[in-house]
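With PDB, C-alpha atoms inside, this is data_17.pdb:
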```
ATOM      1  CA  MET J   1       0.000   0.000   0.000
ATOM      2  CA  ALA J   2       2.878   2.395   0.677
ATOM      3  CA  SER J   3       4.000   2.216  -2.959
ATOM      4  CA  VAL J   4       0.422   2.815  -4.161
ATOM      5  CA  PHE J   5       0.003   5.930  -2.037
ATOM      6  CA  ARG J   6       3.448   7.132  -3.090
ATOM      7  CA  ARG J   7       2.451   6.731  -6.751
ATOM      8  CA  LEU J   8      -0.746   8.732  -6.161
ATOM      9  CA  SER J   9       1.078  11.614  -4.505
ATOM     10  CA  SER J  10       3.759  11.683  -7.216
ATOM     11  CA  GLU J  11       0.971  12.345  -9.750
ATOM     12  CA  SER J  12       2.632  10.106 -12.335
ATOM     13  CA  ASP J  13       2.096   6.773 -14.102
ATOM     14  CA  TYR J  14      -1.551   6.315 -13.144
ATOM     15  CA  SER J  15      -5.085   7.257 -14.129
ATOM     16  CA  SER J  16      -7.860   7.362 -11.552
ATOM     17  CA  PRO J  17     -11.010   9.277 -12.579
ATOM     18  CA  HIS J  18     -13.386  10.376  -9.860
ATOM     19  CA  ARG J  19     -15.885   7.664  -8.918
ATOM     20  CA  THR J  20     -19.322   7.613 -10.554
ATOM     21  CA  THR J  21     -22.350   7.118  -8.304
ATOM     22  CA  ILE J  22     -25.694   5.747  -9.450
ATOM     23  CA  ALA J  23     -28.801   5.455  -7.265
ATOM     24  CA  MET J  24     -30.548   2.077  -7.501
ATOM     25  CA  ALA J  25     -33.820   1.015  -5.893
ATOM     26  CA  HIS J  26     -32.168  -0.142  -2.660
ATOM     27  CA  HIS J  27     -28.489   0.720  -3.075
ATOM     28  CA  THR J  28     -26.096   3.486  -3.994
ATOM     29  CA  THR J  29     -23.714   1.905  -6.494
ATOM     30  CA  LEU J  30     -20.170   3.209  -6.900
ATOM     31  CA  PHE J  31     -18.062   2.665 -10.035
ATOM     32  CA  MET J  32     -14.323   3.204  -9.533
ATOM     33  CA  PRO J  33     -11.978   2.765 -12.528
ATOM     34  CA  SER J  34      -8.188   3.029 -12.258
ATOM     35  CA  ARG J  35      -5.004   2.180 -14.076
ATOM     36  CA  VAL J  36      -1.489   1.970 -12.666
ATOM     37  CA  ARG J  37       1.326   1.605 -15.176
ATOM     38  CA  ASP J  38       3.262  -1.656 -14.775
ATOM     39  CA  VAL J  39       0.514  -2.929 -12.427
ATOM     40  CA  GLY J  40      -2.787  -3.078 -14.281
ATOM     41  CA  THR J  41      -6.198  -1.661 -15.137
ATOM     42  CA  ALA J  42      -9.396  -2.397 -13.231
ATOM     43  CA  ILE J  43     -12.805  -1.115 -12.235
ATOM     44  CA  LYS J  44     -14.462  -1.892  -8.918
ATOM     45  CA  VAL J  45     -18.231  -1.814  -8.425
ATOM     46  CA  VAL J  46     -19.608  -1.528  -4.876
ATOM     47  CA  SER J  47     -23.277  -1.364  -3.866
ATOM     48  CA  VAL J  48     -24.002   0.367  -0.554
ATOM     49  CA  PRO J  49     -27.471  -0.317   0.949
ATOM     50  CA  THR J  50     -29.555   2.820   1.381
ATOM     51  CA  SER J  51     -31.439   1.340   4.340
ATOM     52  CA  THR J  52     -29.721   1.234   7.721
ATOM     53  CA  ASP J  53     -31.722  -1.928   8.439
ATOM     54  CA  ASP J  54     -29.904  -3.829   5.684
ATOM     55  CA  LYS J  55     -27.302  -5.846   7.607
ATOM     56  CA  ARG J  56     -25.914  -7.758   4.640
ATOM     57  CA  CYS J  57     -22.315  -7.198   3.635
ATOM     58  CA  LEU J  58     -21.564  -4.739   0.830
ATOM     59  CA  PRO J  59     -21.496  -6.585  -2.515
ATOM     60  CA  ALA J  60     -18.355  -5.629  -4.425
ATOM     61  CA  SER J  61     -16.617  -6.937  -7.526
ATOM     62  CA  THR J  62     -13.434  -5.902  -9.326
ATOM     63  CA  VAL J  63     -12.999  -6.437 -13.055
ATOM     64  CA  LEU J  64      -9.310  -6.731 -13.990
ATOM     65  CA  MET J  65      -8.341  -6.100 -17.614
ATOM     66  CA  ASP J  66      -5.761  -7.836 -19.784
ATOM     67  CA  GLU J  67      -3.190  -5.209 -20.761
ATOM     68  CA  GLU J  68      -2.291  -6.952 -24.035
ATOM     69  CA  THR J  69      -5.697  -7.887 -25.450
ATOM     70  CA  GLY J  70      -7.961  -5.335 -23.789
ATOM     71  CA  CYS J  71     -10.257  -8.168 -22.733
ATOM     72  CA  VAL J  72     -11.485  -8.887 -19.220
ATOM     73  CA  LYS J  73      -8.819 -10.986 -17.511
ATOM     74  CA  ALA J  74     -10.597 -11.754 -14.243
ATOM     75  CA  ILE J  75     -13.587 -10.929 -12.074
ATOM     76  CA  VAL J  76     -12.735 -10.886  -8.384
ATOM     77  CA  ASN J  77     -15.014 -10.835  -5.344
ATOM     78  CA  ALA J  78     -13.862  -7.565  -3.810
ATOM     79  CA  SER J  79     -15.881  -7.493  -0.577
ATOM     80  CA  ALA J  80     -13.105  -8.889   1.621
ATOM     81  CA  LEU J  81     -10.352  -7.286  -0.472
ATOM     82  CA  THR J  82     -11.852  -3.815  -0.045
ATOM     83  CA  ALA J  83     -11.786  -4.182   3.723
ATOM     84  CA  LEU J  84      -8.239  -5.565   3.615
ATOM     85  CA  ARG J  85      -6.785  -2.820   1.429
ATOM     86  CA  THR J  86      -8.501  -0.085   3.466
ATOM     87  CA  ALA J  87      -7.225  -1.545   6.737
ATOM     88  CA  ALA J  88      -3.716  -1.827   5.281
ATOM     89  CA  GLY J  89      -3.798   1.903   4.542
ATOM     90  CA  SER J  90      -4.929   2.637   8.097
ATOM     91  CA  VAL J  91      -2.140   0.504   9.570
ATOM     92  CA  LEU J  92       0.349   2.448   7.442
ATOM     93  CA  ALA J  93      -1.122   5.695   8.820
ATOM     94  CA  THR J  94      -1.004   4.460  12.416
ATOM     95  CA  ARG J  95       2.622   3.440  11.969
ATOM     96  CA  SER J  96       3.479   6.799  10.376
ATOM     97  CA  LEU J  97       1.612   9.122  12.727
ATOM     98  CA  LEU J  98       1.424   7.553  16.190
ATOM     99  CA  SER J  99       4.373   8.629  18.305
ATOM    100  CA  LYS J 100       4.384   5.605  20.618
ATOM    101  CA  LEU J 101       3.447   1.938  20.479
ATOM    102  CA  PRO J 102      -0.335   1.493  20.883
ATOM    103  CA  THR J 103      -1.682  -0.603  23.741
ATOM    104  CA  SER J 104      -5.444  -0.262  23.220
ATOM    105  CA  LEU J 105      -7.761   0.037  20.249
ATOM    106  CA  VAL J 106     -11.385   1.164  19.994
ATOM    107  CA  ALA J 107     -13.364   0.486  16.820
ATOM    108  CA  PHE J 108     -16.805   1.786  15.824
ATOM    109  CA  GLY J 109     -18.826  -0.526  13.580
ATOM    110  CA  ALA J 110     -19.135  -4.295  13.242
ATOM    111  CA  GLY J 111     -18.700  -4.989   9.541
ATOM    112  CA  LYS J 112     -15.870  -6.402   7.445
ATOM    113  CA  GLN J 113     -13.980  -3.124   7.588
ATOM    114  CA  ILE J 114     -13.780  -3.221  11.364
ATOM    115  CA  GLU J 115     -12.867  -6.915  11.371
ATOM    116  CA  ALA J 116      -9.970  -6.198   9.008
ATOM    117  CA  HIS J 117      -8.881  -3.063  10.895
ATOM    118  CA  VAL J 118      -8.773  -4.826  14.255
ATOM    119  CA  ASP J 119      -7.099  -7.936  12.853
ATOM    120  CA  LEU J 120      -4.361  -6.083  10.938
ATOM    121  CA  HIS J 121      -3.645  -3.643  13.767
ATOM    122  CA  ILE J 122      -3.169  -6.474  16.265
ATOM    123  CA  ARG J 123      -0.887  -8.303  13.831
ATOM    124  CA  ALA J 124       1.092  -5.137  13.097
ATOM    125  CA  PHE J 125       1.315  -3.999  16.737
ATOM    126  CA  PRO J 126       1.801  -6.853  19.236
ATOM    127  CA  SER J 127       1.810  -4.122  21.908
ATOM    128  CA  ILE J 128      -2.009  -3.943  21.644
ATOM    129  CA  LYS J 129      -3.405  -5.889  24.587
ATOM    130  CA  ARG J 130      -7.012  -4.666  24.621
ATOM    131  CA  PHE J 131      -9.612  -3.642  22.108
ATOM    132  CA  VAL J 132     -13.237  -2.580  22.305
ATOM    133  CA  ILE J 133     -15.764  -2.708  19.466
ATOM    134  CA  VAL J 134     -18.699  -0.293  19.671
ATOM    135  CA  ASN J 135     -21.818  -1.078  17.661
ATOM    136  CA  ARG J 136     -25.315   0.432  17.568
ATOM    137  CA  SER J 137     -26.539  -2.534  19.597
ATOM    138  CA  LYS J 138     -25.273  -5.781  21.054
ATOM    139  CA  ASN J 139     -26.710  -7.865  18.238
ATOM    140  CA  MET J 140     -25.730 -11.190  16.689
ATOM    141  CA  ARG J 141     -23.526  -9.482  14.132
ATOM    142  CA  LEU J 142     -21.404  -7.998  16.910
ATOM    143  CA  GLU J 143     -21.309 -11.245  18.862
ATOM    144  CA  ASN J 144     -20.197 -13.209  15.791
ATOM    145  CA  LEU J 145     -17.445 -10.702  15.107
ATOM    146  CA  LEU J 146     -16.238 -10.808  18.710
ATOM    147  CA  SER J 147     -16.185 -14.620  18.653
ATOM    148  CA  GLU J 148     -14.148 -14.688  15.452
ATOM    149  CA  LEU J 149     -11.625 -12.157  16.752
ATOM    150  CA  ARG J 150     -11.298 -13.974  20.083
ATOM    151  CA  ARG J 151     -10.416 -17.164  18.200
ATOM    152  CA  SER J 152      -7.831 -15.319  16.128
ATOM    153  CA  HIS J 153      -6.322 -13.306  18.998
ATOM    154  CA  PRO J 154      -6.767 -15.196  22.294
ATOM    155  CA  HIS J 155      -4.031 -13.159  23.998
ATOM    156  CA  VAL J 156      -5.923  -9.863  23.633
ATOM    157  CA  ALA J 157      -8.715  -8.705  25.956
ATOM    158  CA  ILE J 158     -11.815  -8.100  23.847
ATOM    159  CA  GLU J 159     -15.058  -6.305  24.707
ATOM    160  CA  GLY J 160     -18.179  -5.322  22.805
ATOM    161  CA  LEU J 161     -20.314  -2.319  23.704
ATOM    162  CA  ALA J 162     -23.567  -0.786  22.504
ATOM    163  CA  SER J 163     -23.236   2.854  21.471
ATOM    164  CA  ASP J 164     -25.918   3.950  23.956
ATOM    165  CA  ASP J 165     -23.815   2.644  26.867
ATOM    166  CA  THR J 166     -22.441   6.146  27.231
ATOM    167  CA  THR J 167     -20.389   5.669  30.400
ATOM    168  CA  ASP J 168     -18.449   2.625  29.166
ATOM    169  CA  VAL J 169     -18.015   3.987  25.633
ATOM    170  CA  ARG J 170     -16.626   7.253  26.999
ATOM    171  CA  SER J 171     -14.213   5.340  29.212
ATOM    172  CA  ALA J 172     -13.042   3.172  26.306
ATOM    173  CA  VAL J 173     -12.537   6.156  23.991
ATOM    174  CA  SER J 174     -10.603   8.095  26.611
ATOM    175  CA  GLN J 175      -8.218   5.153  27.148
ATOM    176  CA  ALA J 176      -7.674   4.348  23.469
ATOM    177  CA  SER J 177      -4.294   4.650  21.789
ATOM    178  CA  VAL J 178      -5.961   4.192  18.392
ATOM    179  CA  ILE J 179      -9.581   4.742  17.307
ATOM    180  CA  CYS J 180     -10.916   3.321  14.029
ATOM    181  CA  THR J 181     -14.333   4.233  12.647
ATOM    182  CA  ALA J 182     -16.073   2.485   9.740
ATOM    183  CA  THR J 183     -19.752   3.426   9.844
ATOM    184  CA  SER J 184     -22.312   5.169   7.641
ATOM    185  CA  SER J 185     -23.127   7.665  10.384
ATOM    186  CA  THR J 186     -24.452  11.120   9.574
ATOM    187  CA  ARG J 187     -23.591  12.555  12.990
ATOM    188  CA  PRO J 188     -20.513  12.331  15.244
ATOM    189  CA  LEU J 189     -20.086   9.001  16.995
ATOM    190  CA  PHE J 190     -18.568  10.651  20.092
ATOM    191  CA  PRO J 191     -17.592  14.177  21.167
ATOM    192  CA  SER J 192     -14.073  15.508  20.812
ATOM    193  CA  GLU J 193     -13.750  15.979  24.562
ATOM    194  CA  TRP J 194     -13.739  12.212  25.101
ATOM    195  CA  VAL J 195     -10.527  11.770  23.094
ATOM    196  CA  THR J 196      -7.265  11.922  25.047
ATOM    197  CA  PRO J 197      -4.310  13.902  23.643
ATOM    198  CA  GLY J 198      -1.866  11.634  21.831
ATOM    199  CA  THR J 199      -4.602   9.437  20.323
ATOM    200  CA  HIS J 200      -4.490   8.503  16.636
ATOM    201  CA  LEU J 201      -7.727   8.150  14.627
ATOM    202  CA  ASN J 202      -8.386   6.316  11.353
ATOM    203  CA  LEU J 203     -11.690   7.488   9.809
ATOM    204  CA  VAL J 204     -12.801   5.328   6.872
ATOM    205  CA  GLY J 205     -16.606   5.341   6.951
ATOM    206  CA  SER J 206     -17.806   8.522   5.272
ATOM    207  CA  PHE J 207     -17.664   8.934   1.495
ATOM    208  CA  LYS J 208     -20.334  11.600   0.938
ATOM    209  CA  PRO J 209     -20.606  15.211   2.208
ATOM    210  CA  GLY J 210     -23.568  14.361   4.447
ATOM    211  CA  MET J 211     -21.758  11.547   6.254
ATOM    212  CA  VAL J 212     -19.715  12.357   9.379
ATOM    213  CA  GLU J 213     -18.123  10.176  12.065
ATOM    214  CA  VAL J 214     -16.423  12.820  14.232
ATOM    215  CA  ASP J 215     -17.132  16.444  15.080
ATOM    216  CA  CYS J 216     -15.427  19.574  13.756
ATOM    217  CA  ASP J 217     -13.727  20.227  17.092
ATOM    218  CA  LEU J 218     -11.820  16.957  16.824
ATOM    219  CA  ILE J 219     -10.755  17.701  13.248
ATOM    220  CA  LYS J 220      -9.468  21.110  14.343
ATOM    221  CA  ARG J 221      -7.517  19.524  17.226
ATOM    222  CA  ALA J 222      -5.570  17.417  14.756
ATOM    223  CA  GLY J 223      -3.797  20.249  12.970
ATOM    224  CA  THR J 224      -2.874  19.013   9.493
ATOM    225  CA  ILE J 225      -5.143  16.155   8.423
ATOM    226  CA  VAL J 226      -3.504  13.239   6.617
ATOM    227  CA  VAL J 227      -5.611  11.696   3.821
ATOM    228  CA  ASP J 228      -5.389   9.038   1.129
ATOM    229  CA  SER J 229      -6.346  11.495  -1.634
ATOM    230  CA  ALA J 230      -6.679  15.234  -1.033
ATOM    231  CA  GLU J 231      -8.667  15.716  -4.243
ATOM    232  CA  ALA J 232     -11.187  13.026  -3.323
ATOM    233  CA  CYS J 233     -11.479  13.940   0.361
ATOM    234  CA  ALA J 234     -12.140  17.584  -0.495
ATOM    235  CA  VAL J 235     -15.422  16.581  -2.155
ATOM    236  CA  GLU J 236     -16.353  13.355  -0.345
ATOM    237  CA  ALA J 237     -15.161  13.418   3.276
ATOM    238  CA  GLY J 238     -18.073  14.851   5.241
ATOM    239  CA  GLU J 239     -16.061  15.598   8.384
ATOM    240  CA  LEU J 240     -13.440  17.583   6.480
ATOM    241  CA  ILE J 241     -15.989  19.441   4.359
ATOM    242  CA  ALA J 242     -17.979  20.402   7.486
ATOM    243  CA  SER J 243     -14.754  21.721   9.021
ATOM    244  CA  GLY J 244     -14.134  23.962   6.006
ATOM    245  CA  LEU J 245     -10.993  22.163   4.840
ATOM    246  CA  ARG J 246      -9.831  22.365   1.237
ATOM    247  CA  ALA J 247      -7.521  20.013  -0.637
ATOM    248  CA  GLU J 248      -4.546  22.308  -0.024
ATOM    249  CA  ASP J 249      -5.162  22.075   3.747
ATOM    250  CA  MET J 250      -4.548  18.299   3.698
ATOM    251  CA  ILE J 251      -1.409  16.197   3.304
ATOM    252  CA  GLU J 252      -1.500  12.896   1.432
ATOM    253  CA  ILE J 253      -0.025   9.872   3.164
ATOM    254  CA  GLY J 254       1.946   9.119   0.010
ATOM    255  CA  ARG J 255       3.947  12.297   0.613
ATOM    256  CA  LEU J 256       4.742  11.163   4.155
ATOM    257  CA  VAL J 257       6.013   7.855   2.786
ATOM    258  CA  GLU J 258       8.207   9.711   0.276
ATOM    259  CA  ASP J 259       9.516  12.009   2.986
ATOM    260  CA  ARG J 260      10.520   9.108   5.243
ATOM    261  CA  GLN J 261      12.490   7.629   2.351
ATOM    262  CA  GLY J 262      14.377  10.871   1.868
ATOM    263  CA  GLU J 263      12.678  11.630  -1.444
ATOM    264  CA  LEU J 264      11.285  14.967  -0.264
ATOM    265  CA  GLY J 265      12.404  17.790   1.917
ATOM    266  CA  ALA J 266      10.854  18.046   5.369
ATOM    267  CA  ILE J 267       7.068  18.366   5.107
ATOM    268  CA  GLN J 268       5.556  21.279   6.962
ATOM    269  CA  MET J 269       2.658  20.041   9.104
ATOM    270  CA  THR J 270       0.696  21.835  11.774
ATOM    271  CA  LYS J 271       0.757  19.606  14.843
ATOM    272  CA  GLY J 272      -2.257  19.112  17.059
ATOM    273  CA  ASP J 273      -2.782  17.054  20.195
ATOM    274  CA  VAL J 274      -4.295  14.158  18.181
ATOM    275  CA  THR J 275      -3.561  12.751  14.714
ATOM    276  CA  VAL J 276      -6.178  11.900  12.079
ATOM    277  CA  PHE J 277      -6.030   9.825   8.902
ATOM    278  CA  LYS J 278      -9.082  10.165   6.659
ATOM    279  CA  SER J 279      -9.628   7.673   3.846
ATOM    280  CA  VAL J 280     -12.413   7.607   1.266
ATOM    281  CA  GLY J 281     -10.726   4.838  -0.731
ATOM    282  CA  ILE J 282      -8.782   5.144  -3.984
ATOM    283  CA  GLY J 283      -8.977   2.975  -7.058
ATOM    284  CA  LEU J 284      -5.207   2.491  -7.195
ATOM    285  CA  GLN J 285      -5.469   0.309  -4.102
ATOM    286  CA  ASP J 286      -8.046  -1.882  -5.845
ATOM    287  CA  VAL J 287      -5.869  -2.327  -8.923
ATOM    288  CA  ALA J 288      -2.866  -3.350  -6.841
ATOM    289  CA  ILE J 289      -4.630  -5.854  -4.617
ATOM    290  CA  ALA J 290      -6.708  -7.377  -7.455
ATOM    291  CA  ARG J 291      -3.612  -7.842  -9.615
ATOM    292  CA  TYR J 292      -1.796  -9.530  -6.733
ATOM    293  CA  VAL J 293      -4.697 -11.884  -5.989
ATOM    294  CA  VAL J 294      -5.149 -12.863  -9.640
ATOM    295  CA  SER J 295      -1.418 -13.499 -10.040
ATOM    296  CA  LYS J 296      -1.465 -15.642  -6.913
ATOM    297  CA  ALA J 297      -4.515 -17.569  -8.139
ATOM    298  CA  GLU J 298      -2.809 -18.253 -11.466
ATOM    299  CA  SER J 299       0.316 -19.567  -9.749
ATOM    300  CA  LEU J 300      -1.755 -21.861  -7.512
ATOM    301  CA  ALA J 301      -4.134 -22.889 -10.310
ATOM    302  CA  VAL J 302      -7.204 -21.880  -8.314
ATOM    303  CA  GLY J 303     -10.350 -20.127  -9.487
ATOM    304  CA  THR J 304     -12.786 -20.833 -12.291
ATOM    305  CA  VAL J 305     -11.617 -20.456 -15.898
ATOM    306  CA  VAL J 306     -14.347 -19.587 -18.423
ATOM    307  CA  GLU J 307     -13.230 -20.864 -21.812
ATOM    308  CA  ASN J 308     -14.057 -18.856 -24.957
ATOM    309  CA  PHE J 309     -15.551 -16.038 -22.902
ATOM    310  CA  HIS J 310     -14.731 -13.435 -25.560
ATOM    311  CA  VAL J 311     -15.587 -15.533 -28.598
TER     312      VAL J 311
END
```
Conversion result in structure tokens:
Amino acid sequence: MASVFRRLSSESDYSSPHRTTIAMAHHTTLFMPSRVRDVGTAIKVVSVPTSTDDKRCLPASTVLMDEETGCVKAIVNASALTALRTAAGSVLATRSLLSKLPTSLVAFGAGKQIEAHVDLHIRAFPSIKRFVIVNRSKNMRLENLLSELRRSHPHVAIEGLASDDTTDVRSAVSQASVICTATSSTRPLFPSEWVTPGTHLNLVGSFKPGMVEVDCDLIKRAGTIVVDSAEACAVEAGELIASGLRAEDMIEIGRLVEDRQGELGAIQMTKGDVTVFKSVGIGLQDVAIARYVVSKAESLAVGTVVENFHV
């Protein structure tokens, strides 16, 4: 993911038009085409339910093109891959922005994104000994997620909370080293005053101006906001739009990666008492992870081959 973000910030060797959104009867469908030179060309299609009562996972598929023939090379189920590539970007941000090893994690949401964020953070930071997942209610979806994570990480203390359990949620947020949010909320999940100085936040839920996961006060506390794409976040990230931020007020994580490799001079960032990474998702990530998965499938001879598909 670091190389993908670096390519985006270098503004070279890629094409990534702004996503197209189409309203369906029960979903908002997003079409995200991208091409990365020497990697591949793909388009991902994701359907987001318009009803908050729809608890099914987000259907997503990536179509990978053959660079030589121009034909479709593969169709990949992108539901799990989308969560994985987004979480990988958040781990990169946590590693780049958090000044000390994290010991506790709080996550808002109970979908695949949160499962991937918690799993990858624990794998990347063995120092994490406790995490709390906050959901709208203590439902079966939350319980299933907690059970799966407990099996995968038996050495970590795990707790699930309902969002209306204000006292315990406030306590968890105030003790968190890292907070990850992946919801479709249209209002802040918690007030800025609950967040302790030194905390790092990964915000990956909102992708429309009317969606917000944190309040403007928290955004202002962060100083310079780090994003996956400044151009995209300026028109899609509800929290940043509500705070009056423009693209030039943000710094792309790809530039931080370049700077740490000595490829840039020192980046001027306004420091706050918290750090924030905002991601709306970029197509370059989808191209990279789909190409890797297809290459791996070919080497292992797995998957279904459709003969004469283009005849």
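Take CA of Val134 in chain J and CA of Glu213 in chain J: the distance between them is 13.0 Å.
In this structure, CA of Met211 in chain J sits 16.9 Å away from CA of Arg246 in chain J.
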*Just so the selection is clear, what residues does the PyMOL selection byres ((chain J and resi 129) around 7) cover here, as JSON, numbers by chain?*
{"J": [103, 104, 127, 128, 130, 156, 157]}
_Suppose a student applies the PyMOL selection byres ((chain J and resi 6-14) around 10) to this structure; what residues should they get, written as a PyMOL selection string?_
chain J and resi 1-5+15-17+34-41+228-230+251-259+282+284-285
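Rounded to one decimal, CA of Ala162 in chain J and CA of Gly109 in chain J lie 10.1 Å from each other.
Selection check: the PyMOL selection byres ((chain J and resi 180) around 7) on the shown file gives J:Val106, J:Ala107, J:Phe108, J:Val178, J:Ile179, J:Thr181, J:Ala182, J:Leu201, J:Asn202, J:Leu203.
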*asked:* From the options J:Glu231, J:Ile219, J:Val226, J:Thr304, which residue's atoms come nearest to Ser96 in chain J, counting all atoms listed in the file?
replied: J:Val226
_From J:Lys271, J:Leu240, J:Asp119, J:Glu248, residue lying nearest Pro154 in chain J [only C-alpha atoms]_ = J:Asp119
Around all the atoms of range 28-42 of chain J listed in the file, with 3 Å of room on each side, what axis-aligned box do you get, giving centre and edge lengths in Å to one decimal, as AutoDock Vina command-line options?
```
--center_x -11.4 --center_y 0.2 --center_z -9.6 --size_x 35.4 --size_y 12.6 --size_z 17.2
```
Closest-contact table, range 194-221 of chain J side, partner range 45-49 of chain J, 12 Å, counting all atoms listed in the file, as a tab-separated table:
```
residue	atom	partner	partner_atom	distance
J:Gly205	CA	J:Val48	CA	11.7
J:Ser206	CA	J:Val48	CA	11.8
J:Phe207	CA	J:Val48	CA	10.9
J:Lys208	CA	J:Val48	CA	11.9
```
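Proximity ranking of J:Phe131, J:Phe309, J:Tyr292, J:Trp194 relative to His155 in chain J places J:Phe131 first, based on all atoms listed in the file.
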Need the neighbours of (-29.3, -1.8, -4.8): which residues are at most 8 Å away, counting all atoms listed in the file, as a compact mmCIF listing (two decimals) with C-alpha atoms, in the frame of the given file?
```txt
# COMPACT_ATOMS: atom_id res chain seq x y z
CA ALA J 23 -28.80 5.46 -7.26
CA MET J 24 -30.55 2.08 -7.50
CA ALA J 25 -33.82 1.01 -5.89
CA HIS J 26 -32.17 -0.14 -2.66
CA HIS J 27 -28.49 0.72 -3.08
CA THR J 28 -26.10 3.49 -3.99
CA THR J 29 -23.71 1.90 -6.49
CA SER J 47 -23.28 -1.36 -3.87
CA VAL J 48 -24.00 0.37 -0.55
CA PRO J 49 -27.47 -0.32 0.95
CA THR J 50 -29.56 2.82 1.38
```
*Rank J:Thr52, J:Ser192, J:Gln175, J:Ser243 by their smallest atom-to-atom distance to Cys216 in chain J, using all atoms listed in the file, and report the top residue only.*
J:Ser243
Within 10 Å of (-10.5, -9.5, -2.4), only C-alpha atoms: residues as a PDB file with C-alpha atoms, keeping the file's coordinate frame?
```
ATOM      1  CA  ALA J  60     -18.355  -5.629  -4.425  1.00  0.00           C
ATOM      2  CA  SER J  61     -16.617  -6.937  -7.526  1.00  0.00           C
ATOM      3  CA  THR J  62     -13.434  -5.902  -9.326  1.00  0.00           C
ATOM      4  CA  VAL J  76     -12.735 -10.886  -8.384  1.00  0.00           C
ATOM      5  CA  ASN J  77     -15.014 -10.835  -5.344  1.00  0.00           C
ATOM      6  CA  ALA J  78     -13.862  -7.565  -3.810  1.00  0.00           C
ATOM      7  CA  SER J  79     -15.881  -7.493  -0.577  1.00  0.00           C
ATOM      8  CA  ALA J  80     -13.105  -8.889   1.621  1.00  0.00           C
ATOM      9  CA  LEU J  81     -10.352  -7.286  -0.472  1.00  0.00           C
ATOM     10  CA  THR J  82     -11.852  -3.815  -0.045  1.00  0.00           C
ATOM     11  CA  ALA J  83     -11.786  -4.182   3.723  1.00  0.00           C
ATOM     12  CA  LEU J  84      -8.239  -5.565   3.615  1.00  0.00           C
ATOM     13  CA  ARG J  85      -6.785  -2.820   1.429  1.00  0.00           C
ATOM     14  CA  ASP J 286      -8.046  -1.882  -5.845  1.00  0.00           C
ATOM     15  CA  ILE J 289      -4.630  -5.854  -4.617  1.00  0.00           C
ATOM     16  CA  ALA J 290      -6.708  -7.377  -7.455  1.00  0.00           C
ATOM     17  CA  TYR J 292      -1.796  -9.530  -6.733  1.00  0.00           C
ATOM     18  CA  VAL J 293      -4.697 -11.884  -5.989  1.00  0.00           C
ATOM     19  CA  VAL J 294      -5.149 -12.863  -9.640  1.00  0.00           C
TER      20      VAL J 294
END
```
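Distance annotation: of J:Leu105, J:Leu120, J:Cys57, J:Val212, the residue with the minimal separation from Glu159 in chain J is J:Leu105; atom set is all atoms listed in the file.
With distances restricted to all atoms listed in the file, J:Thr186 is the closest residue to Ala242 in chain J from J:Thr224, J:Thr186, J:Thr270, J:Ser147.
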*asked:* Need to verify the contact set: Asp164 in chain J, 12 Å, only C-alpha atoms, exclusion of same-chain residues closer than 3 positions in sequence. Can you return it as a PyMOL selection string?
replied: chain J and resi 134-138+161+167-170+189-190
Filled-in N, CA, C and O atoms of range 152-159 of chain J, supplied as a tab-separated table (two decimals), keeping the file's coordinate frame:
```
chain	number	residue	atom	x	y	z
J	152	SER	N	-9.06	-15.71	16.83
J	152	SER	CA	-7.83	-15.32	16.13
J	152	SER	C	-6.79	-14.71	17.05
J	152	SER	O	-5.59	-14.84	16.81
J	153	HIS	N	-7.25	-14.04	18.12
J	153	HIS	CA	-6.32	-13.31	19.00
J	153	HIS	C	-6.64	-13.59	20.47
J	153	HIS	O	-7.11	-12.70	21.19
J	154	PRO	N	-6.40	-14.82	20.92
J	154	PRO	CA	-6.77	-15.20	22.29
J	154	PRO	C	-5.99	-14.45	23.38
J	154	PRO	O	-6.41	-14.43	24.53
J	155	HIS	N	-4.87	-13.84	23.01
J	155	HIS	CA	-4.03	-13.16	24.00
J	155	HIS	C	-4.48	-11.72	24.26
J	155	HIS	O	-3.92	-11.05	25.13
J	156	VAL	N	-5.48	-11.25	23.51
J	156	VAL	CA	-5.92	-9.86	23.63
J	156	VAL	C	-7.28	-9.82	24.33
J	156	VAL	O	-8.18	-10.60	24.02
J	157	ALA	N	-7.43	-8.89	25.27
J	157	ALA	CA	-8.72	-8.70	25.96
J	157	ALA	C	-9.68	-8.00	25.01
J	157	ALA	O	-9.36	-6.95	24.45
J	158	ILE	N	-10.86	-8.59	24.83
J	158	ILE	CA	-11.82	-8.10	23.85
J	158	ILE	C	-13.16	-7.81	24.51
J	158	ILE	O	-13.65	-8.61	25.31
J	159	GLU	N	-13.76	-6.67	24.14
J	159	GLU	CA	-15.06	-6.30	24.71
J	159	GLU	C	-15.93	-5.69	23.63
J	159	GLU	O	-15.44	-4.98	22.74
```
